[in-house]
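Chemist: For reference, this is input_35.txt, and it has compact mmCIF, C-alpha atoms and all ligand atoms.
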# COMPACT_ATOMS: atom_id res chain seq x y z
CA MET A 1 3.60 -71.06 11.25
CA ALA A 2 1.48 -69.30 8.62
CA GLU A 3 2.47 -69.80 4.96
CA LEU A 4 2.35 -66.90 2.47
CA LEU A 5 -0.64 -67.68 0.24
CA ARG A 6 -0.72 -65.34 -2.77
CA HIS A 7 -2.82 -67.09 -5.42
CA LEU A 8 -6.18 -68.34 -4.26
CA LEU A 9 -9.01 -70.19 -5.94
CA PHE A 10 -12.54 -70.21 -4.51
CA VAL A 11 -14.62 -73.20 -5.61
CA LEU A 12 -18.16 -72.01 -5.15
CA ASN A 13 -21.23 -74.26 -4.98
CA PRO A 14 -24.14 -72.00 -5.98
CA VAL A 15 -26.82 -74.25 -4.46
CA SER A 16 -25.28 -75.39 -1.14
CA GLY A 17 -27.05 -74.51 2.08
CA ASP A 18 -29.83 -72.81 0.11
CA THR A 19 -28.02 -69.49 0.63
CA ASP A 20 -27.66 -66.60 -1.80
CA LYS A 21 -23.95 -66.17 -2.65
CA ASP A 22 -24.27 -63.19 -5.04
CA GLU A 23 -22.46 -60.75 -2.74
CA LEU A 24 -19.85 -63.24 -1.68
CA GLU A 25 -17.56 -62.97 -4.70
CA THR A 26 -17.28 -59.21 -4.22
CA THR A 27 -16.54 -59.62 -0.49
CA VAL A 28 -13.86 -62.24 -1.20
CA ARG A 29 -12.30 -60.21 -4.06
CA VAL A 30 -12.14 -57.01 -1.98
CA THR A 31 -10.67 -58.80 1.05
CA CYS A 32 -8.04 -60.54 -1.07
CA THR A 33 -7.06 -57.34 -2.91
CA GLU A 34 -6.72 -55.45 0.40
CA HIS A 35 -4.27 -58.10 1.58
CA GLY A 36 -2.28 -58.31 -1.67
CA ARG A 37 -3.69 -61.68 -2.81
CA THR A 38 -5.30 -62.70 -6.10
CA ALA A 39 -8.67 -64.44 -6.03
CA ALA A 40 -10.07 -66.58 -8.85
CA PHE A 41 -13.47 -68.28 -8.85
CA TRP A 42 -14.69 -71.61 -10.16
CA HIS A 43 -18.38 -72.60 -9.98
CA THR A 44 -19.55 -76.16 -9.47
CA THR A 45 -22.25 -77.46 -11.80
CA GLY A 46 -23.25 -80.73 -10.11
CA GLU A 47 -22.05 -82.64 -13.24
CA ASN A 48 -18.55 -84.19 -13.46
CA ASP A 49 -17.17 -81.53 -11.12
CA LEU A 50 -14.28 -83.68 -9.86
CA GLN A 51 -12.95 -84.35 -13.34
CA LYS A 52 -13.37 -80.71 -14.43
CA LEU A 53 -11.81 -79.25 -11.28
CA THR A 54 -8.87 -81.70 -11.42
CA GLN A 55 -8.20 -80.60 -15.01
CA HIS A 56 -8.47 -76.92 -14.07
CA LEU A 57 -6.06 -77.29 -11.12
CA ALA A 58 -3.47 -79.14 -13.25
CA GLY A 59 -2.65 -75.98 -15.16
CA GLN A 60 -2.71 -73.48 -12.28
CA PRO A 61 -0.23 -72.83 -9.46
CA TYR A 62 -2.71 -71.96 -6.69
CA ASP A 63 -1.32 -71.76 -3.17
CA ALA A 64 -4.70 -72.54 -1.59
CA VAL A 65 -8.08 -73.61 -2.87
CA PHE A 66 -11.16 -72.76 -0.81
CA ALA A 67 -14.28 -74.93 -0.83
CA VAL A 68 -17.22 -72.53 -0.60
CA GLY A 69 -20.15 -74.80 0.23
CA GLY A 70 -21.03 -77.73 2.49
CA ASP A 71 -19.37 -81.07 3.15
CA GLY A 72 -20.01 -82.28 -0.41
CA THR A 73 -18.07 -79.31 -1.81
CA VAL A 74 -15.28 -79.87 0.74
CA LYS A 75 -15.10 -83.52 -0.38
CA LEU A 76 -14.89 -82.46 -4.05
CA VAL A 77 -12.12 -79.91 -3.49
CA SER A 78 -10.19 -82.18 -1.10
CA GLU A 79 -10.10 -85.03 -3.59
CA ALA A 80 -9.10 -82.75 -6.46
CA LEU A 81 -6.25 -81.32 -4.34
CA LEU A 82 -4.61 -84.70 -3.71
CA THR A 83 -2.69 -84.38 -6.98
CA THR A 84 -1.48 -80.81 -6.25
CA ASN A 85 0.60 -78.95 -3.65
CA ALA A 86 -2.20 -76.49 -2.83
CA ILE A 87 -3.71 -76.26 0.66
CA LEU A 88 -7.44 -76.70 1.33
CA GLY A 89 -9.36 -73.75 2.78
CA ILE A 90 -13.03 -73.86 3.79
CA LEU A 91 -15.66 -71.11 3.73
CA PRO A 92 -18.59 -72.95 5.37
CA MET A 93 -21.72 -72.35 3.28
CA GLY A 94 -23.63 -75.64 3.45
CA SER A 95 -26.56 -76.78 5.52
CA GLY A 96 -24.31 -78.67 7.97
CA ASN A 97 -20.58 -77.96 7.47
CA GLY A 98 -19.39 -80.87 9.62
CA LEU A 99 -15.68 -80.99 8.72
CA SER A 100 -15.21 -77.25 9.16
CA LYS A 101 -16.69 -77.50 12.67
CA ASP A 102 -14.40 -80.43 13.54
CA LEU A 103 -11.40 -78.35 12.44
CA GLY A 104 -12.49 -75.30 14.45
CA ILE A 105 -12.88 -73.19 11.29
CA PRO A 106 -15.04 -70.09 11.92
CA GLN A 107 -18.57 -70.39 10.49
CA ASP A 108 -18.64 -66.64 9.83
CA THR A 109 -17.34 -65.77 6.33
CA ASP A 110 -15.20 -62.75 7.30
CA GLU A 111 -13.56 -64.67 10.13
CA ALA A 112 -13.00 -67.73 7.93
CA LEU A 113 -11.32 -65.48 5.32
CA GLU A 114 -8.82 -64.29 7.95
CA LEU A 115 -7.26 -67.76 7.78
CA ILE A 116 -5.68 -66.65 4.47
CA TRP A 117 -3.05 -64.71 6.41
CA ASP A 118 -3.42 -66.01 9.98
CA HIS A 119 -3.52 -69.79 10.11
CA GLU A 120 -1.90 -73.06 10.96
CA VAL A 121 -1.60 -75.74 8.27
CA ARG A 122 -2.71 -79.18 9.52
CA ALA A 123 -2.16 -82.39 7.59
CA ILE A 124 -5.18 -84.64 8.12
CA ASP A 125 -5.89 -88.27 7.25
CA THR A 126 -8.27 -89.20 4.44
CA LEU A 127 -10.11 -92.45 3.73
CA ARG A 128 -11.14 -94.46 0.67
CA LEU A 129 -14.15 -96.78 0.69
CA ASN A 130 -13.78 -99.12 -2.30
CA GLY A 131 -11.75 -96.28 -3.79
CA HIS A 132 -14.31 -93.53 -2.99
CA PHE A 133 -12.74 -90.61 -1.18
CA SER A 134 -13.93 -89.52 2.29
CA ALA A 135 -12.44 -86.82 4.52
CA HIS A 136 -15.25 -86.65 7.08
CA LEU A 137 -17.86 -89.34 7.89
CA ALA A 138 -19.39 -92.16 5.90
CA ASP A 139 -22.08 -94.57 6.98
CA LEU A 140 -24.26 -97.56 6.23
CA GLY A 141 -27.72 -98.14 7.68
CA PHE A 142 -30.38 -95.70 8.82
CA ASN A 143 -28.54 -92.42 8.28
CA ALA A 144 -27.44 -93.46 4.78
CA LEU A 145 -31.11 -94.06 3.91
CA VAL A 146 -32.15 -90.66 5.30
CA VAL A 147 -29.33 -88.88 3.42
CA LYS A 148 -30.40 -90.63 0.18
CA LYS A 149 -34.05 -89.53 0.61
CA PHE A 150 -32.88 -86.03 1.56
CA CYS A 151 -30.74 -85.75 -1.59
CA ASP A 152 -33.57 -87.14 -3.77
CA GLY A 153 -36.02 -84.58 -2.35
CA ASP A 154 -36.18 -80.94 -3.32
CA THR A 155 -36.16 -79.39 0.17
CA ARG A 156 -32.80 -78.66 1.87
CA GLY A 157 -31.99 -77.70 5.45
CA PRO A 158 -32.10 -79.47 8.84
CA GLY A 159 -35.95 -79.43 9.02
CA ALA A 160 -36.26 -81.62 5.93
CA TYR A 161 -33.68 -84.07 7.33
CA VAL A 162 -35.57 -84.46 10.64
CA ARG A 163 -38.92 -84.93 8.82
CA ILE A 164 -37.46 -87.75 6.69
CA ALA A 165 -35.78 -89.40 9.72
CA LEU A 166 -39.05 -89.44 11.69
CA ALA A 167 -41.01 -90.82 8.73
CA GLU A 168 -38.48 -93.63 8.07
CA TYR A 169 -37.74 -94.68 11.67
CA GLY A 170 -40.88 -96.82 12.26
CA ASP A 171 -40.41 -99.14 9.28
CA TYR A 172 -36.63 -99.33 9.31
CA GLU A 173 -35.19 -102.88 9.40
CA PRO A 174 -31.61 -102.94 10.81
CA LEU A 175 -29.06 -105.07 8.95
CA CYS A 176 -26.42 -107.49 10.21
CA TYR A 177 -22.82 -106.43 9.47
CA ARG A 178 -19.62 -108.46 9.44
CA ILE A 179 -16.65 -106.21 10.23
CA GLU A 180 -13.06 -107.38 9.87
CA THR A 181 -10.40 -104.89 10.93
CA ASP A 182 -6.66 -105.20 11.42
CA GLN A 183 -7.50 -105.53 15.15
CA GLU A 184 -10.63 -107.72 15.42
CA THR A 185 -13.61 -109.38 13.73
CA LEU A 186 -17.20 -108.72 14.75
CA GLU A 187 -20.61 -109.75 13.40
CA THR A 188 -23.48 -107.73 14.77
CA GLU A 189 -26.83 -106.13 13.96
CA ALA A 190 -26.72 -102.34 13.75
CA PHE A 191 -29.16 -99.47 13.28
CA MET A 192 -26.28 -97.55 11.76
CA LEU A 193 -22.56 -98.07 11.20
CA THR A 194 -20.39 -94.99 10.78
CA ILE A 195 -16.90 -95.03 9.31
CA ALA A 196 -15.40 -92.00 11.00
CA ASN A 197 -12.30 -90.07 10.09
CA ALA A 198 -13.75 -87.03 11.92
CA ASN A 199 -16.02 -86.47 14.93
CA THR A 200 -19.22 -84.55 14.29
CA PHE A 201 -22.06 -84.65 11.76
CA GLY A 202 -23.25 -81.34 10.32
CA SER A 203 -26.29 -81.77 12.59
CA ASN A 204 -23.90 -81.47 15.61
CA VAL A 205 -24.35 -85.17 16.52
CA VAL A 206 -20.94 -86.24 17.89
CA ILE A 207 -20.66 -89.79 16.57
CA ASN A 208 -16.92 -90.14 17.28
CA PRO A 209 -15.86 -87.93 20.23
CA ASN A 210 -12.22 -87.25 21.16
CA SER A 211 -10.70 -88.83 18.08
CA ARG A 212 -8.07 -87.03 16.03
CA LEU A 213 -8.15 -86.33 12.30
CA ASP A 214 -4.40 -86.89 12.00
CA ASP A 215 -3.73 -90.01 14.09
CA GLY A 216 -3.42 -92.46 11.19
CA GLN A 217 -6.45 -94.48 12.28
CA PHE A 218 -10.21 -94.32 11.92
CA GLU A 219 -13.15 -95.53 13.95
CA ILE A 220 -16.16 -97.71 13.18
CA CYS A 221 -19.00 -96.41 15.35
CA LEU A 222 -21.94 -98.77 15.81
CA VAL A 223 -25.41 -97.90 17.05
CA ALA A 224 -27.35 -101.09 17.86
CA PRO A 225 -31.11 -101.33 17.22
CA PHE A 226 -32.87 -99.61 20.13
CA PRO A 227 -36.48 -99.39 21.36
CA ALA A 228 -38.29 -96.08 20.74
CA GLY A 229 -38.26 -95.40 24.49
CA ALA A 230 -34.44 -95.36 24.48
CA ALA A 231 -34.24 -92.72 21.72
CA PRO A 232 -34.23 -89.60 23.95
CA GLY A 233 -31.38 -90.93 26.14
CA LEU A 234 -29.38 -92.05 23.12
CA LEU A 235 -29.85 -88.72 21.32
CA TYR A 236 -28.84 -86.85 24.48
CA ARG A 237 -25.56 -88.81 24.59
CA LEU A 238 -24.95 -88.20 20.90
CA TYR A 239 -25.34 -84.45 21.38
CA THR A 240 -23.17 -84.31 24.54
CA GLU A 241 -20.03 -86.11 23.33
CA ALA A 242 -21.00 -89.17 25.43
CA PHE A 243 -21.26 -91.74 22.61
CA ASP A 244 -19.51 -94.48 24.60
CA GLU A 245 -21.84 -94.16 27.62
CA SER A 246 -24.94 -95.62 25.93
CA ASP A 247 -25.89 -99.31 26.19
CA TYR A 248 -26.54 -99.24 22.43
CA THR A 249 -23.16 -98.01 21.16
CA GLN A 250 -19.76 -99.49 20.41
CA ARG A 251 -16.59 -98.15 18.74
CA LEU A 252 -13.72 -99.97 17.03
CA SER A 253 -10.44 -98.20 16.17
CA CYS A 254 -8.43 -99.52 13.25
CA HIS A 255 -6.13 -98.83 10.31
CA ARG A 256 -7.98 -100.94 7.76
CA ALA A 257 -11.39 -102.62 7.60
CA THR A 258 -13.60 -104.77 5.41
CA ILE A 259 -17.36 -104.58 5.91
CA SER A 260 -19.92 -106.97 4.49
CA VAL A 261 -23.62 -107.62 4.93
CA PRO A 262 -24.24 -111.40 4.86
CA GLY A 263 -26.65 -112.22 2.02
CA GLN A 264 -26.32 -108.82 0.29
CA GLU A 265 -24.19 -107.87 -2.73
CA LYS A 266 -24.57 -104.08 -2.52
CA ALA A 267 -25.24 -101.49 0.17
CA LEU A 268 -26.40 -97.90 0.29
CA VAL A 269 -23.64 -95.77 1.79
CA GLN A 270 -23.45 -92.05 2.44
CA VAL A 271 -19.96 -90.65 2.00
CA ASP A 272 -19.45 -87.09 3.29
CA GLY A 273 -23.15 -86.41 2.67
CA GLU A 274 -23.34 -87.99 -0.82
CA PRO A 275 -25.40 -91.20 -1.22
CA LEU A 276 -23.71 -94.02 -3.17
CA GLU A 277 -24.49 -97.66 -3.83
CA LEU A 278 -21.30 -99.69 -3.20
CA GLU A 279 -20.44 -103.30 -3.95
CA LEU A 280 -19.94 -105.48 -0.86
CA PRO A 281 -17.61 -106.11 0.81
CA ILE A 282 -16.51 -102.52 1.33
CA THR A 283 -12.80 -102.09 1.94
CA VAL A 284 -11.81 -99.02 3.96
CA GLU A 285 -8.24 -97.75 3.66
CA ILE A 286 -6.58 -94.74 5.24
CA SER A 287 -3.98 -92.33 3.81
CA PRO A 288 -2.37 -90.79 6.89
CA GLN A 289 -1.91 -86.99 6.84
CA SER A 290 -2.60 -86.82 3.10
CA LEU A 291 -4.54 -83.53 2.99
CA ARG A 292 -3.21 -80.12 4.12
CA VAL A 293 -5.88 -77.81 5.53
CA LEU A 294 -5.92 -74.18 6.75
CA THR A 295 -7.09 -74.10 10.37
CA PRO A 296 -6.98 -71.48 13.13
CA GLN A 297 -3.72 -71.24 15.08
CA GLN A 298 -3.83 -73.51 18.13
CA GLY A 299 -2.94 -72.10 21.53
N1 LIG B 301 -24.59 -75.90 -9.83
C1 LIG B 301 -25.13 -76.94 -9.18
N2 LIG B 301 -26.43 -77.28 -9.40
C2 LIG B 301 -27.00 -78.32 -8.74
N3 LIG B 301 -26.34 -79.09 -7.85
C3 LIG B 301 -25.07 -78.79 -7.58
C4 LIG B 301 -24.40 -77.71 -8.22
N4 LIG B 301 -23.13 -77.67 -7.77
C5 LIG B 301 -23.00 -78.68 -6.87
N5 LIG B 301 -24.15 -79.35 -6.75
C6 LIG B 301 -24.42 -80.48 -5.84
O1 LIG B 301 -24.33 -80.00 -4.49
C7 LIG B 301 -24.04 -81.12 -3.65
C8 LIG B 301 -23.05 -80.74 -2.58
O2 LIG B 301 -23.62 -79.78 -1.74
P1 LIG B 301 -22.89 -79.46 -0.36
O3 LIG B 301 -22.72 -80.70 0.43
O4 LIG B 301 -21.68 -78.66 -0.62
O5 LIG B 301 -23.95 -78.51 0.35
P2 LIG B 301 -25.14 -78.86 1.33
O6 LIG B 301 -25.69 -80.20 0.98
O7 LIG B 301 -26.04 -77.72 1.38
O8 LIG B 301 -24.40 -78.86 2.72
P3 LIG B 301 -23.99 -79.96 3.80
O9 LIG B 301 -23.32 -81.10 3.07
O10 LIG B 301 -23.06 -79.25 4.72
O11 LIG B 301 -25.26 -80.36 4.44
C9 LIG B 301 -23.50 -82.22 -4.56
O12 LIG B 301 -24.47 -83.26 -4.60
C10 LIG B 301 -23.37 -81.56 -5.92
O13 LIG B 301 -23.60 -82.47 -6.97
Spell out the structure here as C-alpha cells.
Ligand SMILES: Nc1ncnc2c1ncn2[C@@H]1O[C@H](COP(=O)(O)OP(=O)(O)OP(=O)(O)O)[C@@H](O)[C@H]1O

Modeler:
Amino acid sequence: MAELLRHLLFVLNPVSGDTDKDELETTVRVTCTEHGRTAAFWHTTGENDLQKLTQHLAGQPYDAVFAVGGDGTVKLVSEALLTTNAILGILPMGSGNGLSKDLGIPQDTDEALELIWDHEVRAIDTLRLNGHFSAHLADLGFNALVVKKFCDGDTRGPGAYVRIALAEYGDYEPLCYRIETDQETLETEAFMLTIANANTFGSNVVINPNSRLDDGQFEICLVAPFPAGAAPGLLYRLYTEAFDESDYTQRLSCHRATISVPGQEKALVQVDGEPLELELPITVEISPQSLRVLTPQQG
C-alpha cells in the first residue's frame, strides 16, 4: 500500500550522466506542489558528500529522499538513509542506472515522479565489503580495472567504457581468488568476480539473473578466463539472462563471504560504480531488508 509522503528531499548530482539538469528542479517543484507535497533540494559536490548529507538529514523529518543521479548517487543516498526513517526514491539520471532498472523504476523522469503518490515500498538487502556500503553490485578483476580507468578519465557515457574495456582486454592478467562462504570454500582463477546483491549492470549485462534483492543472501558470480574466440558467446549469454549456461561462469549463493587473493595485500574493487582499493581479505556481510525503496506497484 502507498504511504503518504509529504516532505521530500531531492539529492541532485549535477554531473551524473553528463545531462543538463537545469530544468529539472522546476519540473520537480511544480509536480510536487500540484500534488500537495513540499520539495527541497540538496546538491552533491563530490567532496565528503556522505558526511554532509548524513548531517543534513539528521535535522530534517523527510518522508522520502530521492537520489537524482546514477548508481553512485543512489549509493550515497542509500547509505545516508540507514540512520533515518525516510524512504529512498530514485530519479534515474546517470549513465547506467543499474539499481533503478533492477527495481523496475521508470527511466522517464515524469513517470518516476509518479511513484511519490503511487508506489509500493520494498525493503531490500544491503551489503558491506570491509565496512563499505553496497546496494547494487561490486566486483574485483577486469571490470573493477575498467571502472577505475573510466572514473580517472574525463569522458563519461557507455562509449568511453567500451573503449577502455577493449584497450585493456589484451594485456589483462586474471588473478587467483580464494573464496570462503558460509556454504563452501573455493580457490579459482577468475577474469572477474562480482559480489551481487542485485542483478544487472547499468550496461544491461545481467551478471546475476533471477536473484532477489530481498532474500537475505547474495551471490558471488565468477567469470573464468576465456579465449578471445569465446567472447561473443559469453557476451550473448550475459545480455540474455543466461549467465549459468556458459562454460566460463559459476555462481555461489551465501550469507557471508571472505575473499582473498593469495600473495596480495590489497585489491582494486568497484563498489556500485566507485573504484576503491581495499585491504585483503575482504569480508562481505549482508543486512537483510535494511533499506526501504519506492518501487512501482506489483501486479
Ligand atoms: N558536484 C560534483 N562535481 C564533481 N563530481 C561529483 C559531483 N557530485 C558528485 N560527483 C561524483 O559523481 C560520482 C557519482 O556519479 P553517479 O554514479 O551518480 O553518475 P554516473 O557515473 O553518471 O552514472 P552511473 O553510475 O549510473 O553510470 C561520484 O564519484 C561523485 O563523487

Chemist: Using all atoms listed in the file, determine which residues fall within 9 Å of ligand LIG 301 (chain B), then list them as number ranges by chain.

Modeler: A: 12-19, 43-49, 67-76, 92-99, 151, 156-158, 201-203, 272-275

Chemist: Could you give me, as an mmCIF file with C-alpha atoms, in the frame of the given file, the residues within 9 Å of segment 245-258 of chain A, counting only C-alpha atoms and dropping anything in the same chain fewer than 3 positions from it?

Modeler:
data_model
loop_
_atom_site.group_PDB
_atom_site.id
_atom_site.type_symbol
_atom_site.label_atom_id
_atom_site.label_comp_id
_atom_site.auth_asym_id
_atom_site.auth_seq_id
_atom_site.Cartn_x
_atom_site.Cartn_y
_atom_site.Cartn_z
ATOM 1 C CA ARG A 178 -19.620 -108.460 9.440
ATOM 2 C CA ILE A 179 -16.650 -106.210 10.230
ATOM 3 C CA GLU A 180 -13.060 -107.380 9.870
ATOM 4 C CA THR A 181 -10.400 -104.890 10.930
ATOM 5 C CA ASP A 182 -6.660 -105.200 11.420
ATOM 6 C CA GLN A 183 -7.500 -105.530 15.150
ATOM 7 C CA GLU A 184 -10.630 -107.720 15.420
ATOM 8 C CA ASN A 208 -16.920 -90.140 17.280
ATOM 9 C CA GLY A 216 -3.420 -92.460 11.190
ATOM 10 C CA GLN A 217 -6.450 -94.480 12.280
ATOM 11 C CA PHE A 218 -10.210 -94.320 11.920
ATOM 12 C CA GLU A 219 -13.150 -95.530 13.950
ATOM 13 C CA ILE A 220 -16.160 -97.710 13.180
ATOM 14 C CA CYS A 221 -19.000 -96.410 15.350
ATOM 15 C CA LEU A 222 -21.940 -98.770 15.810
ATOM 16 C CA VAL A 223 -25.410 -97.900 17.050
ATOM 17 C CA ALA A 224 -27.350 -101.090 17.860
ATOM 18 C CA PRO A 225 -31.110 -101.330 17.220
ATOM 19 C CA PHE A 226 -32.870 -99.610 20.130
ATOM 20 C CA GLY A 233 -31.380 -90.930 26.140
ATOM 21 C CA LEU A 234 -29.380 -92.050 23.120
ATOM 22 C CA ARG A 237 -25.560 -88.810 24.590
ATOM 23 C CA LEU A 238 -24.950 -88.200 20.900
ATOM 24 C CA ALA A 242 -21.000 -89.170 25.430
ATOM 25 C CA LEU A 280 -19.940 -105.480 -0.860
ATOM 26 C CA PRO A 281 -17.610 -106.110 0.810
ATOM 27 C CA ILE A 282 -16.510 -102.520 1.330
ATOM 28 C CA THR A 283 -12.800 -102.090 1.940
ATOM 29 C CA VAL A 284 -11.810 -99.020 3.960
ATOM 30 C CA GLU A 285 -8.240 -97.750 3.660
ATOM 31 C CA ILE A 286 -6.580 -94.740 5.240
#

Chemist: Do you know which residues are at most 12 Å from Phe191 of chain A counting all atoms listed in the file, after dropping those on the same chain fewer than 2 positions away, and could you put them as a PyMOL selection string?

Modeler: chain A and resi 139-145+169+171-177+188-189+193-194+221-227+231+248-250

Chemist: Measure the distance from atom CA of Pro106 of chain A to atom CA of Thr126 of chain A in Å and round it to one decimal.

Modeler: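 The value is 21.6 Å.
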
Chemist: Quick one: residues within 9 Å of Leu50 of chain A, all atoms listed in the file, excluding same-chain residues fewer than 5 positions away - as an MDAnalysis selection string?

Modeler: chainID A and resid 55 76:77 79:80

Chemist: Find the residue from A:Leu9, A:Ala138, A:Ala165, A:Val28 that sits nearest to Ala64 of chain A; use all atoms listed in the file when measuring.

Modeler: A:Leu9

Chemist: Can you measure atom CA of Gln264 of chain A to atom CA of Lys148 of chain A for me? One decimal in Å is fine.

Modeler: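 These atoms are spaced 18.6 Å apart.
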
Chemist: Quick one, how far is atom CA of Phe243 of chain A from atom CA of Ile207 of chain A?

Modeler: 6.4 Å

Chemist: So, counting all atoms listed in the file, which residue among A:Leu8, A:Leu88, A:Ala112, A:Ala2 is closest to Pro61 of chain A?

Modeler: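 For Pro61 of chain A, the nearest of the candidates is A:Leu8.
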
Chemist: So which one's closest to Ser78 of chain A, A:Ala190, A:Leu57, A:Leu5, A:Leu115? Using all atoms listed in the file, please.

Modeler: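 Using all atoms listed in the file, Ser78 of chain A sits closest to A:Leu57.
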
Chemist: Quick one: of A:Glu187, A:Asp108, A:Asp102, A:Glu279, who's nearest to Val206 of chain A, counting all atoms listed in the file?

Modeler: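 Closest residue, counting all atoms listed in the file: A:Asp102.
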
Chemist: Pick out the closest residue to Ser287 of chain A from this set: A:Asp118, A:Asp152, A:Glu34, A:Asp214. Count all atoms listed in the file.

Modeler: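 Result for the nearest residue to Ser287 of chain A: A:Asp214.
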
Chemist: Name the closest residue to Leu129 of chain A among the candidates A:Leu291, A:Leu186, A:Gly229, A:Glu277; distances are taken between atoms, counting all atoms listed in the file.

Modeler: A:Glu277

Chemist: Which residues, written as a short mmCIF file (atom, residue, chain, number, x, y, z; two decimals) with C-alpha atoms, in the coordinates of the input, have at least one atom at most 10 Å from Gly36 of chain A, with all atoms listed in the file counted and residues fewer than 4 positions away on the same chain left out?

Modeler:
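File produced: selection-v5.cif:
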data_model
loop_
_atom_site.label_atom_id
_atom_site.label_comp_id
_atom_site.auth_asym_id
_atom_site.auth_seq_id
_atom_site.Cartn_x
_atom_site.Cartn_y
_atom_site.Cartn_z
CA LEU A 5 -0.64 -67.68 0.24
CA ARG A 6 -0.72 -65.34 -2.77
CA HIS A 7 -2.82 -67.09 -5.42
CA VAL A 30 -12.14 -57.01 -1.98
CA THR A 31 -10.67 -58.80 1.05
CA CYS A 32 -8.04 -60.54 -1.07
#

Chemist: For segment 229-244 of chain A, supply N, CA and C atoms and report the output as a short mmCIF file (atom, residue, chain, number, x, y, z; two decimals), keeping the file's coordinate frame.

Modeler:
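To be explicit, this is the file written out as part31.cif:
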data_model
loop_
_atom_site.label_atom_id
_atom_site.label_comp_id
_atom_site.auth_asym_id
_atom_site.auth_seq_id
_atom_site.Cartn_x
_atom_site.Cartn_y
_atom_site.Cartn_z
N GLY A 229 -38.38 -96.04 23.18
CA GLY A 229 -38.26 -95.40 24.49
C GLY A 229 -36.83 -95.01 24.83
N ALA A 230 -35.85 -95.67 24.18
CA ALA A 230 -34.44 -95.36 24.48
C ALA A 230 -33.92 -94.20 23.63
N ALA A 231 -34.73 -93.75 22.65
CA ALA A 231 -34.24 -92.72 21.72
C ALA A 231 -33.84 -91.41 22.40
N PRO A 232 -34.64 -90.87 23.36
CA PRO A 232 -34.23 -89.60 23.95
C PRO A 232 -32.87 -89.70 24.66
N GLY A 233 -32.65 -90.77 25.42
CA GLY A 233 -31.38 -90.93 26.14
C GLY A 233 -30.21 -91.08 25.17
N LEU A 234 -30.43 -91.84 24.11
CA LEU A 234 -29.38 -92.05 23.12
C LEU A 234 -29.04 -90.72 22.42
N LEU A 235 -30.08 -90.00 22.00
CA LEU A 235 -29.85 -88.72 21.32
C LEU A 235 -29.12 -87.74 22.24
N TYR A 236 -29.50 -87.75 23.52
CA TYR A 236 -28.84 -86.85 24.48
C TYR A 236 -27.34 -87.16 24.51
N ARG A 237 -26.99 -88.44 24.55
CA ARG A 237 -25.56 -88.81 24.59
C ARG A 237 -24.85 -88.42 23.29
N LEU A 238 -25.56 -88.55 22.18
CA LEU A 238 -24.95 -88.20 20.90
C LEU A 238 -24.71 -86.70 20.78
N TYR A 239 -25.51 -85.92 21.45
CA TYR A 239 -25.34 -84.45 21.38
C TYR A 239 -24.41 -83.92 22.47
N THR A 240 -24.00 -84.79 23.42
CA THR A 240 -23.17 -84.31 24.54
C THR A 240 -21.81 -85.02 24.59
N GLU A 241 -21.34 -85.47 23.44
CA GLU A 241 -20.03 -86.11 23.33
C GLU A 241 -19.89 -87.32 24.26
N ALA A 242 -21.02 -88.03 24.51
CA ALA A 242 -21.00 -89.17 25.43
C ALA A 242 -21.37 -90.46 24.70
N PHE A 243 -20.93 -90.58 23.44
CA PHE A 243 -21.26 -91.74 22.61
C PHE A 243 -21.03 -93.06 23.34
N ASP A 244 -19.88 -93.19 24.00
CA ASP A 244 -19.51 -94.48 24.60
C ASP A 244 -20.34 -94.84 25.84
#
